[in-house]
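*Asks:* This is the structure I have questions about; it appears just below.
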Amino acid sequence: MYVPESCTDTIMLPCDDGNPCTLNDQIAVEACDPAAICIPCQGTLLDCASGTSTVVTCDDGNPDTVNDEQTILDCDGSICIPCQGTPVDCSNGTTTVLPCDDGNPCTLNDTQIVLNADGSVCVPCTGTPQDCATGTTRVVACDDGNPNTAGDEQTILDCDGSVCVPCMGTPVDCSNGSTSLLPCDDGNACTINDVQTVLDADGSICVPCAGTPQDCATGTTSVVACDDGNPNTINDEQIILDCDGSVCVPCMGTSTDCTNGATSVLPCDDNNPCTIGDVQTVLDSDGSICLPCAGTPQDCGTGNTSVVACDDGNPNTVNDEQTILDCDGSVCVPCMGVQTDCTTGPTLSRACDDGNPCTINDTEVVLMRDGSICEPCTGELFDCEADEITFVICQRVAEAVIGPDRNDWSHNNLPSVNEGYLHNFTVPDLPCSSSSTTISSLEIGISITNLITTTECDGIPIFGNVLLNCNLSPPGVCPIIQ
């Protein structure tokens with residue numbers, strides 16, 4: 001953009017500053033050189049007060065409002081008036097006709113209209129009034145005040161006792177003269193078998209014309225189409241009494257729901273990393289969920305798995321491994337290792353008896369974890385007639401208690417209290433025949449592998465006494481090697 005050094009003589013020209021939210025865009029240029037820009041192109045900024053706006057539909061997030069709208073600035077869509085709707089009430093919300101009890105015994109088919117949003121009552125509970133023409137009645141005794149009548153009766157409405165047929169009696173002539181029961185018409189379409197009693201002598205009426213009342217329980221009825229005023233119901237019907245069209249069962253329809261309304265299957269996320277193809281079924285009319293979001297589960301048979309190192313807690317196995325499901329780490333194949341055997345596990349060489357009387361120092365090698373034999377018991381061959389035979393017998397004491405001995409083992413040349421260790425050594429059975437073999441010498445070695453003492457015993461000498469085949473109970477005199 002060329003800008004002259006001085007703009008002494010300028011003119012204003014229309015332009016476009018590229019901003020849809022400005023109008024009357026102008027640029028100031030040098031009068032003699034329109035290519036020389038003195039003031040860049042700019043216009044008057046529009047806002048919600050000065051620019052054109054449009055009212056559009058929206059969703060204010062409140063389920064109890066309808067016709068949600070907001071006002072936006074046309075040039076950039078910014079919101080001038082936030083989204084809000086008209087609160088649902090009885091005039092604009094969906095309602096339902098429900099049965100109720102208005103507390104009036106002289107009404108039937110009581111109903112009220114409630115607002116579906118919160119159950120508030122829009123039209124209070126009312127019913128169809130019963131009168132002498134529609135309600136049940138009964139004839140009761142009374143007194144018409146006429147001394148010239150007998151058997152005075154009146155007809156009253158059952159529900160409240162109001163008088164339907166005023167009190168009147170039978171003229172004396174009717175009471176002592178012959179009468180006839182004749183068909184008639186009481187003018188009520190909802191009665192049948194209308195009859196009246198007349199005096200045969202002059203046809204005067206003894207009992208007025210009356211029929212058997214029909215109601216929704218006794219008369220014929222019809223199911224007819226109607227409109228219950230609820231747009232979310234279908235197949236609206238009501239039951240009416242044929243004789244007068246009075247409503248027996250109020251108008252109502254079947255509410256649309258997931259069983260009869262149109263639905264759609266939509267993608268969703270059930271937040272389970274171990275499912276795929278997540279979908280939910282929603283009711284088209286209001287978006288309510290018919291079938292919750294769910295996917296096809298992945299398990300150890302269908303999902304990706306990995307083999308990882310583990311510890312099966314068994315010291316007698318090696319190379320422990322388990323198979324896990326990648327999506328959640330659940331175990332598909334439990335942790336297990338390869339059992340140690342004589343080639344992989346620790347072994348122990350121990351004394352044994354190979355059953356051969358002509359071998360000595362018999363030993364076998366066993367697997368330490370279960371004692372199974374790795375190398376069978378074998379010994380060294382020897383000649384029973386030889387002058388001297390040397391063999392080794394091992395007798396182990398896994399644990400021995402060393403306690404204070406108050407006898408003076410050391411013959412007064414050490415402290416009076418010393419620590420003593422006792423082991424009763426059993427002379428071994430000799431191979432071959434005991435009559436032909438003798439023990440010329442016996443060497444015993446004592447090896448203490450671990451020693452635990454209390455502080456007060458530190459520094460006190462320890463002695464070991466070995467008894468040879470000594471019966472320790474009762475005490476006796478035993479050969480002792482000290």
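In the structure tokens, chains take letters A, B, ... by order of appearance, with residues numbered from 1 within each chain and ligands from 1 in the order shown.
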I'd like the contact shell of range 298-309 of chain A - 10 Å cut-off, only C-alpha atoms, skipping same-chain residues fewer than 4 positions apart - returned as a list of chain:residue names.

*Replies:*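 Everything that qualifies: A:Asn272, A:Pro273, A:Cys274, A:Thr275, A:Ile276, A:Asn319, A:Asp320, A:Glu321, A:Gln322, A:Thr323, A:Ile324, A:Leu325, A:Asp326, A:Cys327, A:Asp328, A:Gly329, A:Ser330, A:Val331, A:Cys332, A:Val333, A:Cys335, A:Met336, A:Gly337.
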
*Asks:* When DSSP works through the backbone of this structure, what residues of range 154-374 of chain A end up as strand (DSSP E), shown as a PyMOL selection string?

*Replies:* chain A and resi 154-157+163-171+179-183+191-199+205-213+221-225+233-241+247-255+263-267+275-283+289-297+305-309+317-325+331-339+347-351+359-367+373-374

*Asks:* Using only C-alpha atoms, find each residue of range 213-320 of chain A with at least one atom at most 12 Å away from an atom of range 49-64 of chain A; report its shortest atom-to-atom pair and that distance in Å (one decimal), sort the rows by chain and rising residue number, and return the result as CSV.

*Replies:*
```
residue,atom,partner,partner_atom,distance
A:Asp286,CA,A:Pro63,CA,10.7
A:Gly287,CA,A:Pro63,CA,11.9
A:Ser288,CA,A:Pro63,CA,11.9
```

*Asks:* Put those residues in a file: N, CA and C atoms, as a short mmCIF file (atom, residue, chain, number, x, y, z; two decimals), in the first residue's frame.

*Replies:*
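The new file result-v5.cif reads:
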```
data_model
loop_
_atom_site.label_atom_id
_atom_site.label_comp_id
_atom_site.auth_asym_id
_atom_site.auth_seq_id
_atom_site.Cartn_x
_atom_site.Cartn_y
_atom_site.Cartn_z
N ASP A 286 -39.67 -38.14 21.13
CA ASP A 286 -39.10 -37.27 22.16
C ASP A 286 -37.64 -37.55 22.46
N GLY A 287 -37.03 -38.49 21.73
CA GLY A 287 -35.61 -38.76 21.94
C GLY A 287 -35.31 -39.57 23.18
N SER A 288 -36.35 -40.04 23.90
CA SER A 288 -36.09 -40.83 25.10
C SER A 288 -35.46 -42.17 24.70
#
```

*Asks:* Just how far from CA of Asp143 in chain A is CA of Gly169 in chain A, in Å to one decimal?

*Replies:* 7.6 Å

*Asks:* Show me a table, sorted first by chain and then by increasing residue number, of the residues of range 97-143 of chain A having an atom at most 12 Å from range 229-237 of chain A, each with its shortest atom pair and the distance in Å to one decimal, counting only C-alpha atoms and written as CSV.

*Replies:*
```
residue,atom,partner,partner_atom,distance
A:Val97,CA,A:Asn230,CA,9.1
A:Ile113,CA,A:Gly229,CA,10.5
A:Val114,CA,A:Asn230,CA,11.4
A:Leu115,CA,A:Asn230,CA,10.8
A:Asn116,CA,A:Asn230,CA,10.2
```

*Asks:* What is the distance between CA of Ser255 in chain A and CA of Asn67 in chain A, in Å to one decimal?

*Replies:*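 Atom-to-atom, CA of Ser255 in chain A and CA of Asn67 in chain A are spaced 22.5 Å apart.
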
*Asks:* Near range 239-244 of chain A, within 6 Å and counting only C-alpha atoms, which residues show up once chain neighbours fewer than 2 positions away are dropped, as an mmCIF file with C-alpha atoms, in the first residue's frame?

*Replies:*
```cif
data_model
loop_
_atom_site.group_PDB
_atom_site.id
_atom_site.type_symbol
_atom_site.label_atom_id
_atom_site.label_comp_id
_atom_site.auth_asym_id
_atom_site.auth_seq_id
_atom_site.Cartn_x
_atom_site.Cartn_y
_atom_site.Cartn_z
ATOM 1 C CA ALA A 189 -84.779 -42.754 26.661
ATOM 2 C CA CYS A 190 -82.633 -44.438 29.266
ATOM 3 C CA CYS A 216 -73.303 -47.775 31.798
ATOM 4 C CA THR A 220 -75.916 -51.115 25.818
ATOM 5 C CA THR A 221 -72.758 -49.140 25.067
ATOM 6 C CA SER A 222 -70.631 -48.369 22.026
ATOM 7 C CA VAL A 223 -66.943 -47.669 21.509
ATOM 8 C CA SER A 246 -73.408 -40.057 27.949
ATOM 9 C CA VAL A 247 -69.761 -40.979 28.485
ATOM 10 C CA CYS A 248 -69.130 -44.207 30.361
ATOM 11 C CA VAL A 249 -65.343 -44.365 29.881
#
```

*Asks:* Which of range 86-287 of chain A end up as alpha helix (DSSP H) when DSSP is run on this backbone - answer as number ranges by chain?

*Replies:* A: 172-176

*Asks:* Output C-alpha atoms for every residue in the selection just made, as a PDB file, in the first residue's frame.

*Replies:*
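The resulting part-v7.pdb:
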```
ATOM      1  CA  VAL A 172    -108.829 -44.639  48.252  1.00  0.00           C
ATOM      2  CA  ASP A 173    -110.514 -45.869  45.085  1.00  0.00           C
ATOM      3  CA  CYS A 174    -107.227 -47.111  43.767  1.00  0.00           C
ATOM      4  CA  SER A 175    -106.541 -48.898  46.968  1.00  0.00           C
ATOM      5  CA  ASN A 176    -109.829 -50.745  47.039  1.00  0.00           C
TER       6      ASN A 176
END
```

*Asks:* I'd like the interatomic distance between CA of Asn316 in chain A and CA of Arg369 in chain A, to a tenth of an Å.

*Replies:* 6.5 Å

*Asks:* Would you kindly return, as a ChimeraX atom specification, each protein, DNA or RNA residue with an atom no farther than 9 Å from any atom of Gly127 in chain A, considering only C-alpha atoms and excluding same-chain residues fewer than 4 positions away?

*Replies:* /A:100-102,104,106-112

*Asks:* Check the smallest atom-to-atom distance from each of A:Gln130, A:Thr10, A:Asn19, A:Gln280 to Ala35 in chain A using only C-alpha atoms, then report the winner.

*Replies:*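 Comparing A:Gln130, A:Thr10, A:Asn19, A:Gln280 against Ala35 in chain A, the winner is A:Thr10.
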